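File shown: start02.cif. Contents: mmCIF, C-alpha atoms.
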```cif
data_model
loop_
_atom_site.label_atom_id
_atom_site.label_comp_id
_atom_site.auth_asym_id
_atom_site.auth_seq_id
_atom_site.Cartn_x
_atom_site.Cartn_y
_atom_site.Cartn_z
CA MET A 261 -15.67 51.09 -24.36
CA ASP A 262 -14.07 53.60 -22.05
CA ARG A 263 -10.72 51.94 -22.44
CA ILE A 264 -10.90 52.16 -26.22
CA MET A 265 -11.93 55.82 -26.13
CA ASN A 266 -9.20 56.70 -23.67
CA PHE A 267 -6.64 54.83 -25.64
CA GLU A 268 -7.56 56.38 -28.94
CA THR A 269 -7.30 59.87 -27.49
CA ILE A 270 -3.86 59.00 -26.12
CA TYR A 271 -2.86 57.43 -29.41
CA LYS A 272 -3.81 60.53 -31.38
CA SER A 273 -2.08 62.98 -29.09
CA TYR A 274 1.09 60.98 -28.47
CA TRP A 275 1.85 58.94 -31.59
CA GLN A 276 3.92 61.61 -33.35
CA LYS A 277 5.83 62.41 -30.15
CA VAL A 278 6.65 58.78 -29.49
CA PHE A 279 7.58 58.27 -33.13
CA ARG A 280 10.00 61.21 -33.01
CA LEU A 281 11.57 59.84 -29.83
CA CYS A 282 12.10 56.47 -31.52
CA MET A 283 13.34 58.22 -34.64
CA GLY A 284 15.89 60.18 -32.59
CA TYR A 285 17.00 56.91 -31.06
CA LEU A 286 17.32 54.92 -34.29
CA ASN A 287 17.26 57.36 -37.24
CA ASP A 288 15.43 54.75 -39.29
CA THR A 289 11.81 55.45 -40.22
CA ASP A 290 10.57 51.87 -40.47
CA ALA A 291 12.31 50.70 -37.34
CA ALA A 292 11.07 53.79 -35.48
CA LYS A 293 7.50 53.04 -36.58
CA ASP A 294 7.88 49.49 -35.26
CA LEU A 295 9.18 50.74 -31.93
CA ALA A 296 6.35 53.28 -31.69
CA GLN A 297 3.88 50.48 -32.36
CA GLU A 298 5.49 48.31 -29.73
CA THR A 299 5.25 51.19 -27.26
CA PHE A 300 1.54 51.67 -27.92
CA ILE A 301 0.81 47.96 -27.68
CA LYS A 302 2.26 48.12 -24.19
CA VAL A 303 0.27 51.28 -23.43
CA TRP A 304 -2.88 49.50 -24.65
CA THR A 305 -2.34 46.37 -22.59
CA GLN A 306 -1.26 48.21 -19.45
CA LEU A 307 -3.83 50.99 -19.59
CA PRO A 308 -6.24 49.23 -17.19
CA ASN A 309 -3.40 49.12 -14.62
CA PHE A 310 -2.56 52.79 -14.97
CA ARG A 311 -3.41 54.46 -11.66
CA ASN A 312 -2.35 58.06 -12.17
CA GLU A 313 0.73 57.65 -9.95
CA ALA A 314 2.51 59.65 -12.61
CA SER A 315 1.09 61.91 -15.29
CA ILE A 316 -0.05 60.05 -18.38
CA GLY A 317 2.70 61.72 -20.43
CA THR A 318 5.44 60.61 -18.04
CA TRP A 319 4.06 57.10 -18.08
CA ILE A 320 3.93 56.89 -21.89
CA PHE A 321 7.40 58.33 -22.30
CA ARG A 322 8.73 55.91 -19.73
CA ILE A 323 7.33 53.03 -21.75
CA ALA A 324 8.70 54.54 -24.96
CA SER A 325 12.19 55.13 -23.51
CA ASN A 326 12.32 51.66 -22.02
CA THR A 327 11.17 50.12 -25.29
CA CYS A 328 14.01 51.96 -27.04
CA LEU A 329 16.59 50.85 -24.49
CA ARG A 330 15.45 47.24 -24.78
CA GLN A 331 15.88 47.50 -28.52
CA ILE A 332 19.37 45.91 -28.41
CA GLN A 333 17.72 42.59 -27.74
CA LYS A 334 16.21 42.76 -31.19
CA GLU A 335 19.25 44.24 -32.91
CA ASN A 336 20.94 40.96 -32.16
CA LYS A 337 18.34 39.19 -34.21
CA ILE A 338 18.30 41.38 -37.31
CA SER A 339 21.50 41.99 -39.15
CA LYS A 340 21.97 45.63 -40.02
CA SER A 341 23.01 44.90 -43.58
CA GLU A 342 19.46 43.80 -44.28
CA LEU A 343 18.24 47.35 -43.97
CA PRO A 344 17.41 48.97 -47.30
CA LEU A 345 19.72 51.62 -48.71
CA ASP A 346 18.50 55.17 -48.44
CA ILE A 347 17.35 56.09 -51.92
CA LYS A 348 16.15 59.50 -50.78
CA ASP A 349 19.67 60.85 -51.25
CA GLU A 350 19.09 61.25 -54.93
CA ILE A 351 16.06 63.45 -54.47
CA GLN A 352 16.58 67.21 -54.23
CA GLU A 353 16.04 68.25 -50.67
CA THR A 354 15.01 71.61 -49.30
CA ASP A 355 17.11 73.22 -46.57
CA ILE A 356 14.69 72.36 -43.85
CA GLU A 357 14.58 68.72 -44.97
CA LYS A 358 18.34 68.66 -44.83
CA ASP A 359 18.31 70.15 -41.35
CA ILE A 360 15.81 67.56 -40.17
CA LYS A 361 17.88 64.79 -41.64
CA PHE A 362 21.11 66.04 -40.08
CA LEU A 363 19.54 66.70 -36.69
CA TYR A 364 18.14 63.18 -36.44
CA GLN A 365 21.36 61.71 -37.75
CA TYR A 366 23.49 63.62 -35.23
CA ILE A 367 21.19 62.64 -32.39
CA SER A 368 21.37 58.99 -33.36
CA GLU A 369 25.17 59.23 -33.17
CA LEU A 370 25.03 60.18 -29.49
CA GLN A 371 25.15 57.68 -26.62
CA GLU A 372 21.85 55.85 -26.15
CA VAL A 373 20.80 57.54 -22.91
CA GLU A 374 21.76 60.95 -24.33
CA ARG A 375 19.53 60.29 -27.35
CA ILE A 376 16.55 59.73 -25.11
CA ILE A 377 17.22 62.78 -22.95
CA ILE A 378 17.67 65.17 -25.87
CA SER A 379 14.64 63.77 -27.69
CA LEU A 380 12.50 64.40 -24.62
CA GLU A 381 13.94 67.90 -24.24
CA LEU A 382 13.20 68.72 -27.88
CA GLU A 383 9.69 67.39 -27.36
CA ASP A 384 9.31 70.30 -24.89
CA ILE A 385 9.04 68.15 -21.80
CA ASN A 386 10.23 69.99 -18.72
CA GLN A 387 13.41 68.85 -17.04
CA LYS A 388 11.66 67.70 -13.88
CA GLU A 389 9.55 65.32 -15.94
CA ILE A 390 12.55 64.12 -17.96
CA ALA A 391 14.24 63.36 -14.64
CA GLU A 392 11.20 61.28 -13.65
CA ILE A 393 11.17 59.44 -16.96
CA VAL A 394 14.82 58.42 -17.04
CA GLY A 395 15.39 58.21 -13.28
CA LEU A 396 18.14 60.78 -12.90
CA SER A 397 18.22 63.90 -10.72
CA GLU A 398 16.97 67.14 -12.20
CA GLY A 399 20.42 68.70 -11.86
CA ASN A 400 22.00 65.79 -13.66
CA VAL A 401 19.47 66.08 -16.48
CA ARG A 402 20.17 69.81 -16.83
CA VAL A 403 23.93 69.22 -17.08
CA LYS A 404 23.43 66.43 -19.58
CA ILE A 405 21.13 68.50 -21.80
CA HIS A 406 23.63 71.35 -21.82
CA ARG A 407 26.44 68.98 -22.78
CA ILE A 408 24.38 67.27 -25.50
CA LYS A 409 23.32 70.56 -27.07
CA GLU A 410 26.95 71.62 -27.25
CA LYS A 411 27.80 68.36 -28.95
CA LEU A 412 25.03 68.87 -31.49
CA ILE A 413 26.11 72.45 -32.20
CA GLN A 414 29.65 71.24 -32.79
CA LYS A 415 28.39 68.62 -35.20
CA PHE A 416 26.34 71.16 -37.14
CA LYS A 417 29.26 73.58 -37.28
CA LYS A 418 31.71 70.94 -38.34
CA ASN A 419 29.53 70.03 -41.28
CA GLY A 420 28.87 73.63 -42.21
CA ASN A 421 25.11 73.55 -41.72
CA MET B 190 26.54 78.81 -24.90
CA GLU B 191 23.48 79.67 -26.93
CA THR B 192 23.31 79.48 -30.65
CA ASN B 193 20.90 80.46 -33.34
CA ILE B 194 20.10 76.89 -34.34
CA ASP B 195 16.52 76.23 -33.28
CA PHE B 196 16.66 72.50 -32.58
CA LYS B 197 13.10 72.32 -31.34
CA LYS B 198 11.75 73.82 -34.53
CA ILE B 199 13.69 71.40 -36.72
CA TRP B 200 12.79 68.48 -34.47
CA ASN B 201 9.06 69.13 -34.72
CA GLN B 202 9.09 69.20 -38.50
CA GLN B 203 9.65 65.46 -38.55
CA ASN B 204 6.14 64.31 -39.20
CA ILE B 205 4.76 61.22 -40.81
CA GLU B 206 1.25 59.94 -41.08
CA THR B 207 -0.08 58.34 -37.91
CA PRO B 208 -0.82 54.67 -38.66
CA LYS B 209 -4.37 53.42 -38.19
CA VAL B 210 -5.10 52.34 -34.65
CA ASN B 211 -6.80 49.16 -35.86
CA ASN B 212 -3.50 47.72 -37.07
CA LEU B 213 -2.29 48.05 -33.53
CA TYR B 214 -5.23 46.15 -32.06
CA THR B 215 -4.67 43.32 -34.53
CA LYS B 216 -0.99 43.12 -33.65
CA ALA B 217 -1.69 43.28 -29.92
CA ASN B 218 -4.19 40.42 -30.14
CA LYS B 219 -1.79 38.34 -32.16
CA LEU B 220 0.98 38.82 -29.60
CA LYS B 221 -1.36 38.01 -26.75
CA ARG B 222 -2.51 34.84 -28.43
CA ARG B 223 1.06 33.77 -29.15
CA SER B 224 2.32 34.13 -25.59
CA PHE B 225 -0.82 32.44 -24.30
CA LEU B 226 -0.31 29.50 -26.67
CA LYS B 227 3.29 29.17 -25.55
CA LEU B 228 2.20 28.92 -21.94
CA ILE B 229 -0.49 26.39 -22.79
CA LEU B 230 2.03 24.33 -24.76
CA VAL B 231 4.47 24.20 -21.85
CA ASN B 232 1.66 23.04 -19.57
CA ILE B 233 0.50 20.40 -22.03
CA ILE B 234 4.00 18.95 -22.32
CA LEU B 235 4.25 18.91 -18.54
CA LEU B 236 0.90 17.24 -18.16
CA LEU B 237 1.53 14.67 -20.89
CA SER B 238 4.91 13.65 -19.45
CA ILE B 239 3.46 13.23 -15.99
CA THR B 240 0.46 11.28 -17.30
CA PHE B 241 2.74 9.01 -19.30
CA ILE B 242 4.95 8.25 -16.32
CA GLY B 243 1.93 7.85 -14.08
CA PHE B 244 0.53 5.39 -16.57
CA ILE B 245 3.72 3.30 -16.46
CA TRP B 246 3.55 3.27 -12.67
CA TYR B 247 -0.06 2.17 -12.71
CA TYR B 248 0.20 -0.32 -15.54
CA TYR B 249 3.41 -2.14 -14.65
CA GLN B 250 2.98 -1.98 -10.84
CA PRO B 251 6.69 -1.68 -9.94
CA GLU B 252 7.73 -3.67 -6.86
CA PHE B 253 11.08 -2.05 -6.08
CA VAL B 254 11.25 1.22 -4.21
CA THR B 255 14.09 2.25 -6.53
CA THR B 256 11.67 2.23 -9.45
CA LYS B 257 9.28 4.50 -7.62
CA ILE B 258 12.04 6.91 -6.62
CA GLY B 259 13.21 6.83 -10.23
CA ILE B 260 9.79 7.80 -11.49
CA ILE B 261 9.47 10.64 -9.00
CA LEU B 262 12.93 11.98 -9.88
CA THR B 263 12.10 11.92 -13.57
CA ILE B 264 8.87 13.85 -13.03
CA LEU B 265 10.71 16.39 -10.87
CA ALA B 266 13.36 16.79 -13.55
CA ILE B 267 10.72 17.64 -16.14
CA ILE B 268 9.05 20.12 -13.79
CA ILE B 269 12.40 21.79 -13.04
CA PHE B 270 13.13 22.04 -16.73
CA LEU B 271 9.80 23.67 -17.54
CA LEU B 272 9.53 25.92 -14.50
CA PRO B 273 11.74 28.77 -15.81
CA PHE B 274 9.39 29.20 -18.77
CA LYS B 275 6.54 29.94 -16.43
CA LYS B 276 8.67 32.10 -14.16
CA GLN B 277 9.96 34.24 -17.01
CA PHE B 278 6.42 34.75 -18.10
CA SER B 279 5.39 36.07 -14.70
CA LEU B 280 8.53 38.21 -14.34
CA LEU B 281 7.68 40.03 -17.52
CA THR B 282 4.06 40.61 -16.73
CA LYS B 283 4.47 41.41 -13.05
CA ASN B 284 5.47 45.05 -13.50
CA LYS B 285 2.39 47.08 -12.82
CA THR B 286 3.70 50.62 -13.00
CA GLU B 287 6.29 51.32 -15.62
CA PRO B 288 9.65 51.92 -13.90
CA ASN B 289 11.89 54.80 -14.91
CA SER B 290 14.68 53.97 -17.36
CA LYS B 291 17.34 53.64 -14.69
CA GLU B 292 15.27 51.16 -12.68
CA TYR B 293 14.23 49.43 -15.86
CA LEU B 294 17.82 48.83 -16.94
CA GLN B 295 18.65 47.50 -13.50
CA GLN B 296 15.67 45.14 -13.69
CA LEU B 297 16.76 43.96 -17.12
CA ILE B 298 20.28 43.32 -15.86
CA LYS B 299 18.90 41.38 -12.90
CA LEU B 300 16.61 39.37 -15.15
CA LYS B 301 19.49 38.46 -17.47
CA GLU B 302 21.65 37.47 -14.50
CA ILE B 303 18.87 35.23 -13.22
CA GLN B 304 18.59 33.70 -16.68
CA VAL B 305 22.33 33.03 -16.86
CA TYR B 306 22.20 31.33 -13.46
CA GLN B 307 19.05 29.42 -14.33
CA GLN B 308 20.36 28.16 -17.58
CA ALA B 309 23.51 26.70 -16.10
CA THR B 310 22.02 25.45 -12.83
CA THR B 311 18.66 24.26 -14.02
CA LEU B 312 20.09 22.39 -16.92
CA SER B 313 22.66 20.63 -14.73
CA ILE B 314 20.07 19.71 -12.12
CA TYR B 315 17.77 18.54 -14.88
CA PHE B 316 20.39 16.21 -16.33
CA ILE B 317 21.44 14.84 -12.95
CA MET B 318 17.89 14.13 -11.84
CA LEU B 319 16.84 12.69 -15.15
CA SER B 320 19.88 10.38 -15.27
CA LEU B 321 19.43 9.29 -11.68
CA GLY B 322 15.72 8.83 -12.19
CA ILE B 323 16.09 6.69 -15.28
CA GLY B 324 19.04 4.82 -13.77
CA LEU B 325 16.99 3.88 -10.72
CA TYR B 326 13.89 3.20 -12.72
CA ILE B 327 15.45 0.62 -14.99
CA PHE B 328 17.13 -1.20 -12.06
CA GLU B 329 14.06 -3.33 -11.38
CA TYR B 330 13.82 -4.50 -14.97
CA VAL B 331 17.56 -4.98 -15.39
CA SER B 332 17.66 -7.11 -12.23
CA LYS B 333 15.42 -9.59 -14.01
CA MET B 334 17.81 -9.86 -16.98
CA THR B 335 20.93 -12.01 -17.28
CA ILE B 336 24.17 -10.45 -15.94
CA THR B 337 25.49 -9.78 -19.45
CA GLY B 338 22.19 -8.22 -20.50
CA GLY B 339 22.21 -6.05 -17.40
CA ILE B 340 25.77 -4.90 -17.95
CA ILE B 341 25.05 -4.05 -21.59
CA THR B 342 21.85 -2.16 -20.70
CA TYR B 343 23.60 -0.12 -18.01
CA ALA B 344 26.65 0.47 -20.21
CA ILE B 345 24.48 1.91 -22.99
CA THR B 346 22.47 3.99 -20.52
CA ILE B 347 25.59 5.36 -18.86
CA LEU B 348 27.14 6.13 -22.22
CA TRP B 349 24.02 8.05 -23.18
CA PHE B 350 24.15 10.03 -19.93
CA ALA B 351 27.83 10.75 -20.46
CA ILE B 352 27.17 12.15 -23.93
CA ASN B 353 24.41 14.33 -22.48
CA TRP B 354 26.52 15.52 -19.60
CA TYR B 355 29.90 16.07 -21.24
CA TYR B 356 28.84 17.07 -24.71
CA LEU B 357 25.24 18.23 -24.93
CA ARG B 358 24.92 20.09 -21.62
CA PRO B 359 28.01 22.33 -21.92
CA LYS B 360 27.18 23.03 -25.54
CA VAL B 361 23.64 24.18 -24.77
CA ILE B 362 24.79 26.25 -21.78
CA THR B 363 27.58 27.98 -23.74
CA LYS B 364 25.33 28.75 -26.64
CA LYS B 365 22.54 30.20 -24.55
CA ASN B 366 24.82 32.10 -22.22
CA ALA B 367 26.86 33.66 -25.02
CA LYS B 368 23.75 35.46 -26.18
CA LEU B 369 22.77 36.47 -22.67
CA HIS B 370 26.27 37.70 -21.85
CA LYS B 371 26.29 39.88 -24.92
CA LEU B 372 23.02 41.47 -23.83
CA LEU B 373 24.24 41.83 -20.27
CA VAL B 374 27.30 43.74 -21.47
CA GLU B 375 25.09 46.03 -23.54
CA PHE B 376 22.69 46.72 -20.69
CA GLU B 377 25.59 47.37 -18.30
CA LYS B 378 26.96 49.83 -20.82
CA LEU B 379 23.62 51.67 -20.91
CA ASN B 380 23.43 51.60 -17.14
CA ASN B 381 26.89 53.17 -16.93
CA GLN B 382 25.79 55.95 -19.24
CA MET B 383 23.23 56.84 -16.59
CA ASN B 384 25.99 57.37 -14.06
CA ASP B 385 28.32 59.37 -16.32
#
```
What is this structure when it is put down as structure tokens?
Amino acid sequence: MDRIMNFETIYKSYWQKVFRLCMGYLNDTDAAKDLAQETFIKVWTQLPNFRNEASIGTWIFRIASNTCLRQIQKENKISKSELPLDIKDEIQETDIEKDIKFLYQYISELQEVERIIISLELEDINQKEIAEIVGLSEGNVRVKIHRIKEKLIQKFKKNGN
Amino acid sequence: METNIDFKKIWNQQNIETPKVNNLYTKANKLKRRSFLKLILVNIILLLSITFIGFIWYYYQPEFVTTKIGIILTILAIIIFLLPFKKQFSLLTKNKTEPNSKEYLQQLIKLKEIQVYQQATTLSIYFIMLSLGIGLYIFEYVSKMTITGGIITYAITILWFAINWYYLRPKVITKKNAKLHKLLVEFEKLNNQMND
């Protein structure tokens, strides 16, 4: 019973965050939902083994990041052309919707590891924790975040957003 | 360089409805059942093959030592062939604490390298042992045939082994390794991004 209660609390507080991380990685809503689900299945099955060596957030984001990185294994199985065309384009979008769309698109154009780092940064996770999640030094993470943000700004400027 | 684009604000606006947690339990149970069934299946095949061979040993009471060696080699070949399935299963479930992404990628690379090695080596050992096993096993029965019969039996058997060894084995190895190599390259690429 305890496990279920714990898990459901975690699920409620982290689902959106994990979804956004997957969305930043893939920029595809359905695929991101699948990855988020895969992440939480792992969280659910491994929860009894979780021993507080790291904070629960670090642990969940580690699982989420690793699930994203392992994603290539599946990409080999599904051909990309099978993905549905985006019909949303025809609908009038507000400015903020456009911004969201562009931000996620630009992030998904970055290198894989960069996508994860910037997604975690935008999720307001401190750099020390990001370093623990991806396994880089804090200094390295700081430099990377700075570089990625510059890239994103350039992309926004180039497209006149 | 700071700018007036508030990335965090935009980022957080991406919201969709949280799916029901029950769907997740259903999926998790399904996955658990599937991997459990796979493991059971591998064990059943193993058990059936060994029982079958054991039955031959018991029922026909071979006199030659070559027959007995043949039977043992065949059983070993089957075990060697099925072992990686069990090993992979334990490699994937062994991780207690989730590693960080850098360690994770390195583990994945190592796992793929092991798989590449296993596929080539295990399959070769499997074919050698199986051929030797069967070759030795049939010796007792062939020795009771006429010379022509014996030659024909061994010729067909050897031809079958040759097809396995020169055609089937390399084909299976190439096919399986091509996929693994592709993944290895991708994981190496990700790992290099870490060191940029």
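If you take only C-alpha atoms and a cut-off of 7 Å, the residues of chain B that reach chain A are Phe196, Lys197, Ile199, Trp200, Gln203, Asn204, Thr207, Leu213, Ala217, Lys285, Thr286, Glu287, Asn289, Ser290, Lys291, Tyr293, Leu372, Leu379, Gln382 and Met383 of chain B.
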For the selection just defined, write its residues with C-alpha atoms to a file, as a PDB file, keeping the file's coordinate frame.
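Okay, out-v6.pdb is ready:
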```pdb
ATOM      1  CA  PHE B 196      16.660  72.500 -32.580  1.00  0.00           C
ATOM      2  CA  LYS B 197      13.100  72.320 -31.340  1.00  0.00           C
ATOM      3  CA  ILE B 199      13.690  71.400 -36.720  1.00  0.00           C
ATOM      4  CA  TRP B 200      12.790  68.480 -34.470  1.00  0.00           C
ATOM      5  CA  GLN B 203       9.650  65.460 -38.550  1.00  0.00           C
ATOM      6  CA  ASN B 204       6.140  64.310 -39.200  1.00  0.00           C
ATOM      7  CA  THR B 207      -0.080  58.340 -37.910  1.00  0.00           C
ATOM      8  CA  LEU B 213      -2.290  48.050 -33.530  1.00  0.00           C
ATOM      9  CA  ALA B 217      -1.690  43.280 -29.920  1.00  0.00           C
ATOM     10  CA  LYS B 285       2.390  47.080 -12.820  1.00  0.00           C
ATOM     11  CA  THR B 286       3.700  50.620 -13.000  1.00  0.00           C
ATOM     12  CA  GLU B 287       6.290  51.320 -15.620  1.00  0.00           C
ATOM     13  CA  ASN B 289      11.890  54.800 -14.910  1.00  0.00           C
ATOM     14  CA  SER B 290      14.680  53.970 -17.360  1.00  0.00           C
ATOM     15  CA  LYS B 291      17.340  53.640 -14.690  1.00  0.00           C
ATOM     16  CA  TYR B 293      14.230  49.430 -15.860  1.00  0.00           C
ATOM     17  CA  LEU B 372      23.020  41.470 -23.830  1.00  0.00           C
ATOM     18  CA  LEU B 379      23.620  51.670 -20.910  1.00  0.00           C
ATOM     19  CA  GLN B 382      25.790  55.950 -19.240  1.00  0.00           C
ATOM     20  CA  MET B 383      23.230  56.840 -16.590  1.00  0.00           C
TER      21      MET B 383
END
```
Checklist entry - Which polymer residues have any atom within 12 Å of an atom of Val254 in chain B, counting all atoms listed in the file, with same-chain residues fewer than 3 positions away left out, as a PyMOL selection string? => result chain B and resi 246+250-251+257-261+322+325-329
Item to check | Resolved residues for the PyMOL selection byres ((chain B and resi 239) around 12) as number ranges by chain | outcome: B: 232-238, 240-246, 260-268
Specify the axis-aligned box that encloses all atoms of range 397-410 of chain A listed in the file after padding of 5 Å on each side, stating its centre and edge lengths in Å to one decimal as JSON.
```
{"center_x": 22.0, "center_y": 67.8, "center_z": -19.0, "size_x": 20.0, "size_y": 17.7, "size_z": 26.5}
```
Checklist entry - Which residues fall under the PyMOL selection byres ((chain B and resi 302) around 12) in this file, as a list of chain:residue names? => result B:Gln295, B:Gln296, B:Leu297, B:Ile298, B:Lys299, B:Leu300, B:Lys301, B:Ile303, B:Gln304, B:Val305, B:Tyr306, B:Gln307, B:Gln308, B:Ala309, B:Asn366, B:Leu369, B:His370, B:Lys371, B:Leu372, B:Leu373, B:Val374, B:Phe376, B:Glu377
Item to check | Picked residues, the PyMOL selection byres ((chain B and resi 355-364) around 8), expected as a ChimeraX atom specification | outcome: /B:308-309,312-313,316,351-354,365-368
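Note that the spacing between CA of Tyr249 in chain B and CA of Phe270 in chain B amounts to 26.1 Å.
The coordinates place CA of Tyr214 in chain B at 13.2 Å from CA of Met265 in chain A.
Picture a line from CA of Leu286 in chain A to CA of Thr269 in chain A; it runs 26.0 Å.
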